[in-house]
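Beneath this line is the structure, given in structure tokens, with notes to follow.
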Amino acid sequence: MSEWAGPGDPGREVDLDRVWLNVAAGVWCRQPRGPERLAGQVLRSPGLARALVTTPSLLLGWIIATVVVLLTGAVATLGTGTPYVPLLAPAVAAAGIAYAYGPGIDPAWELSQSMAVSDRMVLLVRALAVFALNALLGLAASAASGIAAALTFGWLLPMTAACAVALAAATLTRSANIGVGAGLAAWIIVVLAGRAATGQFTAAITAPALVLPYLITALCGGAIVLFATRIPRGTS
Amino acid sequence: MNVELTDLTRRFGRTQAVAGVSLTGGPGVFGLLGPNGAGKTSLLRMMATVLPPTSGRMRLLGRDPGGYGPRREIRRRLGYLPQNLGYYPGFTVAEFVEYFALLKDMPASQVPRAVATAVERVGLGDRARAKLRTLSGGMLRRAGIAQAIVNEPELLLLDEPTAGLDPEQRLEFRALMRNMGQRATVIVSTHLVEDVGAACTEVALMDMGKIVFHGTPADLIARGEGTSAAGDAPLERGYSAVLAAARSAVAARA
């Protein structure tokens, strides 16, 4: 406002453009709400916090659809005794992760790739948010089904915890790669420690029952790499 | 030099999209011309650090984008408008520009004023609070340009920026490019040779992944003089003549 000319000060002119820009700057920009402000402080990046609240699979419509699917499953489970909730829950969580980020999913993905805030950090933050939401829904669904409780405590909550460790390490080191490494290392330590505590350390490698999960994990990893490195059509 | 490319290539399976491009560029407006599939978009995407090169050497703003730290620093100083601009339909113009200002790691205190300035520069001040889903194609393009310039980039990469703009808006956009080009390296990929003639200080013509011409717009015009090359304007005739010569050279080698 120092640009305003005072009375009897004809030498100073009002720079209306500058005044307008200051007004527009105050009026146009979005005021972050509580969760976004908190995320910005925790993650030490307002950009990452904004990327979190734009997660496609965390938009209101998606969350409502998720709740409806799990509620329907819970009602059906209670009514028929068939364990629909544990059948539905992994699919819902997987879809939430699949629709969290990527080409064709996030409208601004191509642009995000050229931004200073790492796309891997965006993916990590969104994955944690999706897991956390699904863990909460899983806890609610546990009231309807014991199998849902096993699924929630055996899978969703540990995944959320591993993801949170990865994000914390990534935020501290400003490197998503280090974060993912830390998350995986923490998870392996927990699994192996559990095996060692029960005197079955070598079974973590040799147990025939683990061959299928290991194979599925490897296939999923391969699929993710193929998906992440695939060539978008029409790019040349 | 803001851009230094040495023998840059990019392959997509069996397709060679960019085949050994070498370029250097400082401040100014640089036009990238060429037919569809010539490799312009792939080259721009590599310079935008979206796509890693298959081989070759690239230095942007004096840094090697291969390393995480330098790449992040480049991205802070980069503006990029992709050919297909993705957007969140529920965002307003100002929110859209603000989002990318934040992702470019701009200091939060500077963001509101930078957003207002960018939105006004592209003439969208009166639509700043309109949802993106309500905008026309030309307005969306201008919103895309606003996000590209919001951080006053030192390297500005624009892929078909004038697509969808009306003649008046194109004139204003050319003025904006010239203005940006005084301080930054502006690289514009376009099909419209008149944009190149009006705004660019240098021009390169790509065909089949290679640069087949590099010079000033006047040089390109000169290449068309005295030939029977197709085109309604001198630049178009230069463009046609260079392309025809490049293709006949390839055919002769084959």
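By order in the structure tokens, chains are A, B, ...; within a chain, residues start at 1; ligands start at 1, following the order shown.
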
Selection near B:Met177, 8 Å with only C-alpha atoms, sequence-local residues under 2 positions removed, as a compact mmCIF listing (two decimals) with N, CA and C atoms, in the first residue's frame:
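Below is the file out.txt, written as the result:
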# COMPACT_ATOMS: atom_id res chain seq x y z
N VAL B 29 14.32 -17.15 -27.52
CA VAL B 29 13.18 -18.03 -27.85
C VAL B 29 13.60 -18.94 -28.99
N PHE B 173 0.40 -14.05 -26.67
CA PHE B 173 1.29 -15.09 -26.21
C PHE B 173 2.70 -14.91 -26.80
N ARG B 174 2.75 -14.52 -28.07
CA ARG B 174 4.07 -14.29 -28.68
C ARG B 174 4.82 -13.18 -27.93
N ALA B 175 4.08 -12.14 -27.54
CA ALA B 175 4.71 -11.04 -26.79
C ALA B 175 5.23 -11.57 -25.45
N ASN B 179 9.10 -11.65 -24.18
CA ASN B 179 9.45 -11.07 -22.89
C ASN B 179 10.20 -12.08 -22.01
N MET B 180 9.68 -13.30 -21.96
CA MET B 180 10.35 -14.35 -21.15
C MET B 180 11.74 -14.65 -21.71
N GLY B 181 11.85 -14.60 -23.04
CA GLY B 181 13.10 -14.96 -23.70
C GLY B 181 14.24 -13.98 -23.44
N VAL B 186 13.67 -20.14 -23.78
CA VAL B 186 12.30 -20.60 -24.05
C VAL B 186 12.35 -21.51 -25.28
N ALA B 199 8.20 -14.85 -33.18
CA ALA B 199 8.69 -14.79 -31.80
C ALA B 199 10.07 -15.38 -31.59

> Which residues, written as a ChimeraX atom specification, have at least one atom at most 7 Å from stretch 44-56 of chain B, with only C-alpha atoms counted and residues fewer than 3 positions away on the same chain left out?
Replying inline: /A:113-114 /B:6-11,40-41,65,80,157

For the residues in that selection, give me C-alpha atoms as a PDB file, in the first residue's frame.
ATOM      1  CA  GLN A 113       6.938 -35.728 -13.214  1.00  0.00           C
ATOM      2  CA  SER A 114       8.719 -32.452 -13.938  1.00  0.00           C
TER       3      SER A 114
ATOM      4  CA  THR B   6      25.209 -33.950 -26.926  1.00  0.00           C
ATOM      5  CA  ASP B   7      24.259 -36.858 -29.153  1.00  0.00           C
ATOM      6  CA  LEU B   8      21.008 -37.427 -27.248  1.00  0.00           C
ATOM      7  CA  THR B   9      18.927 -40.459 -28.196  1.00  0.00           C
ATOM      8  CA  ARG B  10      15.700 -41.996 -27.036  1.00  0.00           C
ATOM      9  CA  ARG B  11      14.310 -45.343 -28.058  1.00  0.00           C
ATOM     10  CA  LYS B  40       9.846 -32.993 -30.833  1.00  0.00           C
ATOM     11  CA  THR B  41       7.721 -34.076 -27.894  1.00  0.00           C
ATOM     12  CA  PRO B  65      19.798 -34.027 -14.466  1.00  0.00           C
ATOM     13  CA  TYR B  80       6.962 -27.092 -18.689  1.00  0.00           C
ATOM     14  CA  LEU B 157       9.584 -25.712 -22.392  1.00  0.00           C
TER      15      LEU B 157
END

> So what do you get for atom CA of B:Asp159 versus atom CA of B:Thr92, distance-wise?
Replying inline: 22.7 Å

Tell me, counting only C-alpha atoms, for each residue of chain A within 10 Å of chain B, which pair of atoms is nearest and how far apart they are in Å to one decimal, in rows ordered by chain and increasing number, as CSV.
residue,atom,partner,partner_atom,distance
A:Asp17,CA,B:Thr117,CA,9.5
A:Arg18,CA,B:Thr117,CA,9.2
A:Trp20,CA,B:Ala116,CA,8.9
A:Leu21,CA,B:Ala116,CA,5.8
A:Asn22,CA,B:Arg113,CA,6.4
A:Val23,CA,B:Ala116,CA,8.8
A:Ala24,CA,B:Ala116,CA,5.8
A:Ala25,CA,B:Pro112,CA,4.6
A:Gly26,CA,B:Pro112,CA,6.7
A:Val27,CA,B:Pro112,CA,8.9
A:Trp28,CA,B:Ala94,CA,6.0
A:Cys29,CA,B:Pro112,CA,6.0
A:Arg30,CA,B:Glu95,CA,6.1
A:Gln31,CA,B:Glu95,CA,9.8
A:Ser45,CA,B:Asp105,CA,7.8
A:Pro46,CA,B:Leu102,CA,6.3
A:Gly47,CA,B:Leu102,CA,4.3
A:Leu48,CA,B:Leu103,CA,7.0
A:Ala49,CA,B:Leu102,CA,9.3
A:Arg50,CA,B:Tyr99,CA,6.8
A:Ala51,CA,B:Tyr99,CA,7.9
A:Thr54,CA,B:Tyr88,CA,8.4
A:Pro56,CA,B:Tyr88,CA,9.5
A:Gly104,CA,B:Gly86,CA,9.3
A:Asp106,CA,B:Gly86,CA,8.1
A:Pro107,CA,B:Gly86,CA,4.6
A:Ala108,CA,B:Gly86,CA,4.5
A:Trp109,CA,B:Gly86,CA,7.2
A:Glu110,CA,B:Gly86,CA,7.4
A:Leu111,CA,B:Pro82,CA,7.0
A:Ser112,CA,B:Leu103,CA,7.6
A:Gln113,CA,B:Val50,CA,5.4
A:Ser114,CA,B:Val50,CA,5.5
A:Met115,CA,B:Lys104,CA,5.3
A:Ala116,CA,B:Arg72,CA,4.8
A:Val117,CA,B:Leu103,CA,5.2
A:Ser118,CA,B:Arg72,CA,7.9
A:Asp119,CA,B:Leu103,CA,9.7
A:Val122,CA,B:Leu103,CA,10.0
A:Ser175,CA,B:Tyr68,CA,8.9
A:Arg230,CA,B:Phe12,CA,9.5
A:Ile231,CA,B:Phe12,CA,7.1
A:Pro232,CA,B:Phe12,CA,9.8
A:Gly234,CA,B:Gly37,CA,8.7
A:Thr235,CA,B:Ser42,CA,6.2
A:Ser236,CA,B:Ser42,CA,5.1

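By chain and then residue number, the residues within 10 Å of A:Thr66 are Ser57, Leu58, Leu60, Thr72, Leu88, Ala89, Val92, Ala93, Ala95, Gly96, Leu133, Asn134 and Leu137 of chain A, counting only C-alpha atoms and disregarding those fewer than 6 positions away in sequence.
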
Those residues you just picked out, can you put them in a file as a PDB file, in the first residue's frame with C-alpha atoms?
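Final output, saved to again.pdb:
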ATOM      1  CA  SER A  57      -8.602 -42.487  -4.555  1.00  0.00           C
ATOM      2  CA  LEU A  58      -9.116 -40.307  -1.484  1.00  0.00           C
ATOM      3  CA  LEU A  60     -15.033 -37.967  -1.310  1.00  0.00           C
ATOM      4  CA  THR A  72     -22.737 -54.031   2.215  1.00  0.00           C
ATOM      5  CA  LEU A  88     -13.940 -57.523  -0.419  1.00  0.00           C
ATOM      6  CA  ALA A  89     -11.463 -55.685   1.814  1.00  0.00           C
ATOM      7  CA  VAL A  92     -10.919 -52.360  -2.034  1.00  0.00           C
ATOM      8  CA  ALA A  93      -7.484 -51.611  -0.562  1.00  0.00           C
ATOM      9  CA  ALA A  95      -7.969 -50.587  -5.893  1.00  0.00           C
ATOM     10  CA  GLY A  96      -7.329 -47.620  -3.595  1.00  0.00           C
ATOM     11  CA  LEU A 133      -7.973 -45.146   5.536  1.00  0.00           C
ATOM     12  CA  ASN A 134      -8.389 -48.818   4.687  1.00  0.00           C
ATOM     13  CA  LEU A 137     -12.353 -49.171   7.637  1.00  0.00           C
TER      14      LEU A 137
END

>> Could you pull out the alpha helix (DSSP H) residues of stretch 1-138 of chain B, going by DSSP on the backbone, and write them as a PyMOL selection string?
In response: chain B and resi 40-47+68-76+93-103+111-121+137-138

Next, dump the selected residues to file, keeping only C-alpha atoms, as a PDB file, in the first residue's frame.
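result-v4.pdb written:
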ATOM      1  CA  LYS B  40       9.846 -32.993 -30.833  1.00  0.00           C
ATOM      2  CA  THR B  41       7.721 -34.076 -27.894  1.00  0.00           C
ATOM      3  CA  SER B  42      10.189 -36.766 -26.832  1.00  0.00           C
ATOM      4  CA  LEU B  43      13.009 -34.224 -26.950  1.00  0.00           C
ATOM      5  CA  LEU B  44      11.007 -31.741 -24.873  1.00  0.00           C
ATOM      6  CA  ARG B  45      10.058 -34.450 -22.359  1.00  0.00           C
ATOM      7  CA  MET B  46      13.713 -35.364 -21.941  1.00  0.00           C
ATOM      8  CA  MET B  47      14.594 -31.718 -21.348  1.00  0.00           C
ATOM      9  CA  TYR B  68      18.784 -36.439  -7.712  1.00  0.00           C
ATOM     10  CA  GLY B  69      20.027 -33.153  -6.210  1.00  0.00           C
ATOM     11  CA  PRO B  70      20.842 -31.402  -9.502  1.00  0.00           C
ATOM     12  CA  ARG B  71      17.588 -32.690 -11.034  1.00  0.00           C
ATOM     13  CA  ARG B  72      15.593 -31.195  -8.193  1.00  0.00           C
ATOM     14  CA  GLU B  73      17.395 -27.880  -8.590  1.00  0.00           C
ATOM     15  CA  ILE B  74      16.719 -27.904 -12.342  1.00  0.00           C
ATOM     16  CA  ARG B  75      13.047 -28.643 -11.724  1.00  0.00           C
ATOM     17  CA  ARG B  76      12.774 -25.681  -9.346  1.00  0.00           C
ATOM     18  CA  VAL B  93      -7.483 -21.587 -12.236  1.00  0.00           C
ATOM     19  CA  ALA B  94      -5.711 -20.011  -9.259  1.00  0.00           C
ATOM     20  CA  GLU B  95      -5.708 -23.279  -7.290  1.00  0.00           C
ATOM     21  CA  PHE B  96      -4.281 -25.129 -10.290  1.00  0.00           C
ATOM     22  CA  VAL B  97      -1.435 -22.658 -10.716  1.00  0.00           C
ATOM     23  CA  GLU B  98      -0.870 -22.555  -6.963  1.00  0.00           C
ATOM     24  CA  TYR B  99      -0.629 -26.357  -6.784  1.00  0.00           C
ATOM     25  CA  PHE B 100       2.231 -26.446  -9.264  1.00  0.00           C
ATOM     26  CA  ALA B 101       3.935 -23.457  -7.639  1.00  0.00           C
ATOM     27  CA  LEU B 102       3.982 -25.495  -4.420  1.00  0.00           C
ATOM     28  CA  LEU B 103       5.214 -28.625  -6.216  1.00  0.00           C
ATOM     29  CA  VAL B 111       3.282 -18.283  -3.888  1.00  0.00           C
ATOM     30  CA  PRO B 112       0.109 -16.115  -3.703  1.00  0.00           C
ATOM     31  CA  ARG B 113       1.673 -13.134  -5.451  1.00  0.00           C
ATOM     32  CA  ALA B 114       3.435 -15.329  -8.023  1.00  0.00           C
ATOM     33  CA  VAL B 115       0.116 -17.030  -8.804  1.00  0.00           C
ATOM     34  CA  ALA B 116      -1.686 -13.710  -9.209  1.00  0.00           C
ATOM     35  CA  THR B 117       1.075 -12.424 -11.480  1.00  0.00           C
ATOM     36  CA  ALA B 118       1.092 -15.554 -13.676  1.00  0.00           C
ATOM     37  CA  VAL B 119      -2.694 -15.656 -13.988  1.00  0.00           C
ATOM     38  CA  GLU B 120      -2.800 -11.980 -14.971  1.00  0.00           C
ATOM     39  CA  ARG B 121       0.039 -12.426 -17.479  1.00  0.00           C
ATOM     40  CA  GLY B 137      -9.780 -25.240 -24.608  1.00  0.00           C
ATOM     41  CA  GLY B 138      -7.953 -21.965 -25.182  1.00  0.00           C
TER      42      GLY B 138
END

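Taking atom CA of A:Leu212 and atom CA of A:Thr152 as the two end points, the separation is 20.6 Å.
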
> What's the 8 Å shell around B:Gly28, counting only C-alpha atoms, without same-chain residues fewer than 6 positions away, as a list in words?
Replying inline: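 Listing them by chain and then by number gives Arg178, Met180, Gly181, Gln182, Arg183, Ala184, Thr185, Val186, Cys200, Thr201 and Glu202 of chain B.
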
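Here atom CA of A:Leu157 and atom CA of A:Leu128 stand 10.7 Å from one another.
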
>> Write out as a list in words the set of residues from stretch 64-253 of chain B that DSSP, computed on the backbone, places in strand (DSSP E or B).
In response: Leu78, Gly79, Tyr80, Leu81, Thr92, Lys131, Leu155, Leu156, Leu157, Leu158, Asp159, Thr185, Val186, Ile187, Val188, Ser189, Glu202, Val203, Ala204, Leu205, Met206, Asp207, Lys210, Ile211, Val212, Phe213, His214 and Gly215 of chain B

Selected residues written out with C-alpha atoms, as a short mmCIF file (atom, residue, chain, number, x, y, z; two decimals), in the first residue's frame:
data_model
loop_
_atom_site.label_atom_id
_atom_site.label_comp_id
_atom_site.auth_asym_id
_atom_site.auth_seq_id
_atom_site.Cartn_x
_atom_site.Cartn_y
_atom_site.Cartn_z
CA LEU B 78 11.97 -25.16 -14.96
CA GLY B 79 8.63 -24.41 -16.58
CA TYR B 80 6.96 -27.09 -18.69
CA LEU B 81 3.74 -27.15 -20.65
CA THR B 92 -10.04 -23.18 -9.92
CA LYS B 131 -13.41 -24.15 -12.07
CA LEU B 155 14.23 -22.77 -18.81
CA LEU B 156 10.71 -22.76 -20.25
CA LEU B 157 9.58 -25.71 -22.39
CA LEU B 158 6.31 -25.32 -24.25
CA ASP B 159 4.78 -28.11 -26.33
CA THR B 185 15.73 -20.02 -22.53
CA VAL B 186 12.30 -20.60 -24.05
CA ILE B 187 11.93 -23.69 -26.25
CA VAL B 188 8.68 -23.91 -28.16
CA SER B 189 7.56 -26.94 -30.10
CA GLU B 202 16.52 -19.41 -33.37
CA VAL B 203 14.79 -22.35 -34.97
CA ALA B 204 15.52 -26.05 -35.37
CA LEU B 205 13.68 -28.41 -37.66
CA MET B 206 13.37 -32.05 -36.68
CA ASP B 207 12.56 -35.01 -38.88
CA LYS B 210 17.20 -35.82 -36.09
CA ILE B 211 17.76 -32.10 -36.34
CA VAL B 212 17.91 -31.40 -40.06
CA PHE B 213 18.17 -27.62 -39.80
CA HIS B 214 19.37 -25.19 -37.13
CA GLY B 215 19.60 -21.46 -37.67
#
